[in-house]
Amino acid sequence: MHDDFRRFITKRRSIRKFTGGAVDHELLLTALEAAMAAPSANNSRPWSFLIVTEPEKVRAVCRAHPYASFGEEAGAVILPFGKKEGHRWFDQDMAAATENLLLALANLGLGATWCGMSEELQAGVRTVVALPDDLFFFALIPVGVPAEEKEPRTQYDETRVHWERYSAIS
Ligand SMILES: Cc1cc2nc3c(=O)[nH]c(=O)nc-3n(C[C@H](O)[C@H](O)[C@H](O)COP(=O)(O)O)c2cc1C
């Protein structure tokens with residue numbers, strides 16, 4: 001049981017090589033369902049998701065991000081977005097949904113990488129996929145049939161764990 005759970009969590013690695021094959025629509029829907037099961041402050045669920053699958057558009061949106069050009073052969077790009085302004089917990093809520101999404105994609109056999117989106121990166125991506133001004137792209141996630149395998153790993157570090165009280169690291 002613990003081993004199954006550990007396998008589930010550590011299966012998620014950043015995959016940046018794709019076969020170029022299409023991504024199954026049902027798998028995307030299942031992953032989106034997982035994303036929307038995430039916790040959010042006051043259950044406000046500020047998230048929406050823009051999904052690009054047309055190959056030309058996938059290429060263009062990946063090129064519009066300085067660190068996502070590896071995604072040109074992806075079968076899809078998922079862009080979680082929402083109304084950031086006036087939403088105090090926006091980043092935390094969106095991150096929870098994004099991590100759920102990535103865990104689901106990995107365990108459904110798809111490869112994906114979370115590419116961060118900042119204020120400066122909004123304009124470039126919007127030249128490919130338009131979005132009203134009051135909405136914010138939170139992440140850009142190329143998703144595809146994986147053409148690389150990565151070792152699951154925990155990265156557990158006991159020096160990061162403080163039981164009962166803070167203890168200085170010597
Ligand atoms: C907020 C955030 C932004 C990231 N941005 C990028 C990115 O722009 N391009 C990229 O290739 N990887 C990006 N990554 C992926 C990290 O490089 C990756 O998660 C990290 O190296 C650990 O590797 P792993 O995901 O395989 O465990 C990002 C990850 C996070 C959480």
# chains A, B, ... in the order shown; residues from 1 in each chain; ligands from 1
call {"tool": "residues_near_ligand", "arguments": {"ligand": "ligand 1", "cutoff": "8 Å", "atoms": "only C-alpha atoms and all ligand atoms", "output": "JSON, numbers by chain"}}
result
{"A": [12, 13, 14, 15, 16, 65, 66, 67, 68, 70, 113, 114, 115, 116, 117, 139, 150, 153]}
call {"tool": "write_last_selection", "arguments": {"atoms": "N, CA and C atoms", "output": "PDB file, in the first residue's frame"}}
result
ATOM      1  N   ARG A  12       5.875  10.835 -11.232  1.00  0.00           N
ATOM      2  CA  ARG A  12       5.885  12.146 -11.888  1.00  0.00           C
ATOM      3  C   ARG A  12       7.299  12.699 -11.987  1.00  0.00           C
ATOM      4  N   ARG A  13       7.797  12.799 -13.189  1.00  0.00           N
ATOM      5  CA  ARG A  13       9.060  13.455 -13.477  1.00  0.00           C
ATOM      6  C   ARG A  13       8.816  14.388 -14.659  1.00  0.00           C
ATOM      7  N   SER A  14       9.688  15.373 -14.815  1.00  0.00           N
ATOM      8  CA  SER A  14       9.536  16.276 -15.959  1.00  0.00           C
ATOM      9  C   SER A  14      10.006  15.564 -17.219  1.00  0.00           C
ATOM     10  N   ILE A  15       9.093  15.325 -18.127  1.00  0.00           N
ATOM     11  CA  ILE A  15       9.390  14.637 -19.393  1.00  0.00           C
ATOM     12  C   ILE A  15       9.403  15.684 -20.496  1.00  0.00           C
ATOM     13  N   ARG A  16      10.511  15.722 -21.234  1.00  0.00           N
ATOM     14  CA  ARG A  16      10.694  16.768 -22.254  1.00  0.00           C
ATOM     15  C   ARG A  16      10.925  16.197 -23.645  1.00  0.00           C
ATOM     16  N   HIS A  65       7.411  30.526 -25.341  1.00  0.00           N
ATOM     17  CA  HIS A  65       7.905  30.495 -23.949  1.00  0.00           C
ATOM     18  C   HIS A  65       9.420  30.241 -24.015  1.00  0.00           C
ATOM     19  N   PRO A  66      10.220  30.993 -23.247  1.00  0.00           N
ATOM     20  CA  PRO A  66      11.676  30.852 -23.410  1.00  0.00           C
ATOM     21  C   PRO A  66      12.237  29.489 -23.011  1.00  0.00           C
ATOM     22  N   TYR A  67      11.500  28.721 -22.175  1.00  0.00           N
ATOM     23  CA  TYR A  67      12.038  27.442 -21.703  1.00  0.00           C
ATOM     24  C   TYR A  67      11.113  26.268 -22.021  1.00  0.00           C
ATOM     25  N   ALA A  68      10.310  26.406 -23.070  1.00  0.00           N
ATOM     26  CA  ALA A  68       9.362  25.322 -23.384  1.00  0.00           C
ATOM     27  C   ALA A  68       9.493  24.827 -24.813  1.00  0.00           C
ATOM     28  N   PHE A  70      11.228  22.604 -25.995  1.00  0.00           N
ATOM     29  CA  PHE A  70      11.280  21.137 -26.040  1.00  0.00           C
ATOM     30  C   PHE A  70       9.904  20.541 -26.343  1.00  0.00           C
ATOM     31  N   THR A 113       5.679  18.424 -18.545  1.00  0.00           N
ATOM     32  CA  THR A 113       6.552  19.280 -17.727  1.00  0.00           C
ATOM     33  C   THR A 113       5.834  20.580 -17.408  1.00  0.00           C
ATOM     34  N   TRP A 114       5.913  20.970 -16.156  1.00  0.00           N
ATOM     35  CA  TRP A 114       5.365  22.251 -15.684  1.00  0.00           C
ATOM     36  C   TRP A 114       6.320  23.358 -16.126  1.00  0.00           C
ATOM     37  N   CYS A 115       5.902  24.252 -16.987  1.00  0.00           N
ATOM     38  CA  CYS A 115       6.692  25.429 -17.329  1.00  0.00           C
ATOM     39  C   CYS A 115       6.017  26.646 -16.700  1.00  0.00           C
ATOM     40  N   GLY A 116       6.764  27.339 -15.872  1.00  0.00           N
ATOM     41  CA  GLY A 116       6.195  28.448 -15.110  1.00  0.00           C
ATOM     42  C   GLY A 116       5.848  29.636 -16.006  1.00  0.00           C
ATOM     43  N   MET A 117       4.796  30.318 -15.638  1.00  0.00           N
ATOM     44  CA  MET A 117       4.390  31.529 -16.360  1.00  0.00           C
ATOM     45  C   MET A 117       4.453  32.712 -15.396  1.00  0.00           C
ATOM     46  N   ALA A 139       0.492  28.492 -15.896  1.00  0.00           N
ATOM     47  CA  ALA A 139       1.538  27.541 -16.296  1.00  0.00           C
ATOM     48  C   ALA A 139       1.296  27.124 -17.734  1.00  0.00           C
ATOM     49  N   LYS A 150      12.350   8.390 -17.093  1.00  0.00           N
ATOM     50  CA  LYS A 150      13.187   8.884 -16.004  1.00  0.00           C
ATOM     51  C   LYS A 150      12.938   8.047 -14.769  1.00  0.00           C
ATOM     52  N   ARG A 153      12.189   9.046  -8.228  1.00  0.00           N
ATOM     53  CA  ARG A 153      13.082   9.330  -7.098  1.00  0.00           C
ATOM     54  C   ARG A 153      12.348  10.196  -6.079  1.00  0.00           C
TER      55      ARG A 153
END
call {"tool": "residues_around", "arguments": {"residues": "A:Thr98", "least_positions_apart": "4", "cutoff": "7 Å", "atoms": "only C-alpha atoms", "output": "ChimeraX atom specification"}}
result
/A:35,94,102
call {"tool": "residues_around", "arguments": {"residues": "A:Arg126", "least_positions_apart": "6", "cutoff": "9 Å", "atoms": "only C-alpha atoms", "output": "CSV table (one decimal) with N, CA and C atoms, in the first residue's frame"}}
result
chain,number,residue,atom,x,y,z
A,61,VAL,N,2.9,27.8,-29.5
A,61,VAL,CA,2.8,28.2,-28.1
A,61,VAL,C,4.0,27.8,-27.3
A,64,ALA,N,6.7,30.2,-27.9
A,64,ALA,CA,6.4,31.5,-27.3
A,64,ALA,C,6.9,31.6,-25.9
A,137,PHE,N,-2.4,33.4,-17.4
A,137,PHE,CA,-1.9,32.0,-17.6
A,137,PHE,C,-1.0,31.7,-16.5
call {"tool": "select_by_dssp", "arguments": {"residues": "chain A", "states": "strand (DSSP E)", "output": "JSON, numbers by chain"}}
result
{"A": [48, 49, 50, 51, 52, 76, 77, 78, 79, 80, 81, 82, 111, 112, 115, 116, 136, 137, 139, 140, 141, 142, 143, 144]}
call {"tool": "select_by_dssp", "arguments": {"residues": "stretch 11-152 of chain A", "states": "alpha helix (DSSP H)", "output": "ChimeraX atom specification"}}
result
/A:25-35,55-63,90-107,119-126
call {"tool": "residues_around", "arguments": {"residues": "A:Thr10", "least_positions_apart": "5", "cutoff": "9 Å", "atoms": "only C-alpha atoms", "output": "PyMOL selection string"}}
result
chain A and resi 5+103+151-154
call {"tool": "residues_around", "arguments": {"residues": "A:Arg45", "least_positions_apart": "4", "cutoff": "12 Å", "atoms": "only C-alpha atoms", "output": "list in words"}}
result
Ala35, Met36, Ala37, Ala38, Pro39, Ser40, Ala41, Phe49, Pro80, Phe81, Gly82, Lys83, Lys84, His87, Trp89, Phe90, Asp91, Gln92, Asp93, Met94, Ala95, Ala96 and Ala97 of chain A
call {"tool": "write_last_selection", "arguments": {"atoms": "C-alpha atoms", "output": "PDB file, in the first residue's frame"}}
result
ATOM      1  CA  ALA A  35      -6.769  18.786 -11.378  1.00  0.00           C
ATOM      2  CA  MET A  36     -10.198  20.016 -10.353  1.00  0.00           C
ATOM      3  CA  ALA A  37     -10.234  17.725  -7.305  1.00  0.00           C
ATOM      4  CA  ALA A  38      -7.486  19.894  -5.769  1.00  0.00           C
ATOM      5  CA  PRO A  39      -8.033  21.887  -2.580  1.00  0.00           C
ATOM      6  CA  SER A  40      -8.509  25.664  -2.873  1.00  0.00           C
ATOM      7  CA  ALA A  41      -9.075  28.458  -0.377  1.00  0.00           C
ATOM      8  CA  PHE A  49      -7.730  25.159 -18.487  1.00  0.00           C
ATOM      9  CA  PRO A  80      -4.132  26.478 -16.479  1.00  0.00           C
ATOM     10  CA  PHE A  81      -5.453  30.042 -16.191  1.00  0.00           C
ATOM     11  CA  GLY A  82      -7.726  32.188 -14.080  1.00  0.00           C
ATOM     12  CA  LYS A  83      -8.490  35.590 -12.607  1.00  0.00           C
ATOM     13  CA  LYS A  84      -5.487  36.435 -10.456  1.00  0.00           C
ATOM     14  CA  HIS A  87      -7.789  36.552  -5.520  1.00  0.00           C
ATOM     15  CA  TRP A  89      -4.770  32.646  -2.790  1.00  0.00           C
ATOM     16  CA  PHE A  90      -4.606  32.403  -6.570  1.00  0.00           C
ATOM     17  CA  ASP A  91      -1.038  31.056  -6.839  1.00  0.00           C
ATOM     18  CA  GLN A  92      -1.506  28.458  -4.135  1.00  0.00           C
ATOM     19  CA  ASP A  93      -4.825  27.229  -5.504  1.00  0.00           C
ATOM     20  CA  MET A  94      -3.487  27.056  -9.047  1.00  0.00           C
ATOM     21  CA  ALA A  95      -0.334  25.222  -7.923  1.00  0.00           C
ATOM     22  CA  ALA A  96      -2.416  22.596  -6.110  1.00  0.00           C
ATOM     23  CA  ALA A  97      -4.464  21.952  -9.263  1.00  0.00           C
TER      24      ALA A  97
END
call {"tool": "atom_distance", "arguments": {"atom1": "atom CA of A:Phe8", "atom2": "atom CA of A:Glu72"}}
result
27.0 Å
call {"tool": "residues_around", "arguments": {"residues": "stretch 75-77 of chain A", "least_positions_apart": "6", "cutoff": "6 Å", "atoms": "only C-alpha atoms", "output": "list in words"}}
result
Gly21, Ala22, Val23, Ile51, Val52, Thr53, Ile141, Pro142, Val143 and Gly144 of chain A
call {"tool": "write_last_selection", "arguments": {"atoms": "C-alpha atoms", "output": "PDB file, in the first residue's frame"}}
result
ATOM      1  CA  GLY A  21       1.942  11.127 -31.348  1.00  0.00           C
ATOM      2  CA  ALA A  22      -1.498  12.476 -30.474  1.00  0.00           C
ATOM      3  CA  VAL A  23      -2.672  12.494 -26.873  1.00  0.00           C
ATOM      4  CA  ILE A  51      -6.034  22.939 -24.094  1.00  0.00           C
ATOM      5  CA  VAL A  52      -4.213  23.213 -27.411  1.00  0.00           C
ATOM      6  CA  THR A  53      -3.953  20.114 -29.612  1.00  0.00           C
ATOM      7  CA  ILE A 141       2.376  22.278 -19.738  1.00  0.00           C
ATOM      8  CA  PRO A 142       3.468  20.398 -22.859  1.00  0.00           C
ATOM      9  CA  VAL A 143       1.899  16.921 -22.705  1.00  0.00           C
ATOM     10  CA  GLY A 144       2.754  14.020 -24.962  1.00  0.00           C
TER      11      GLY A 144
END
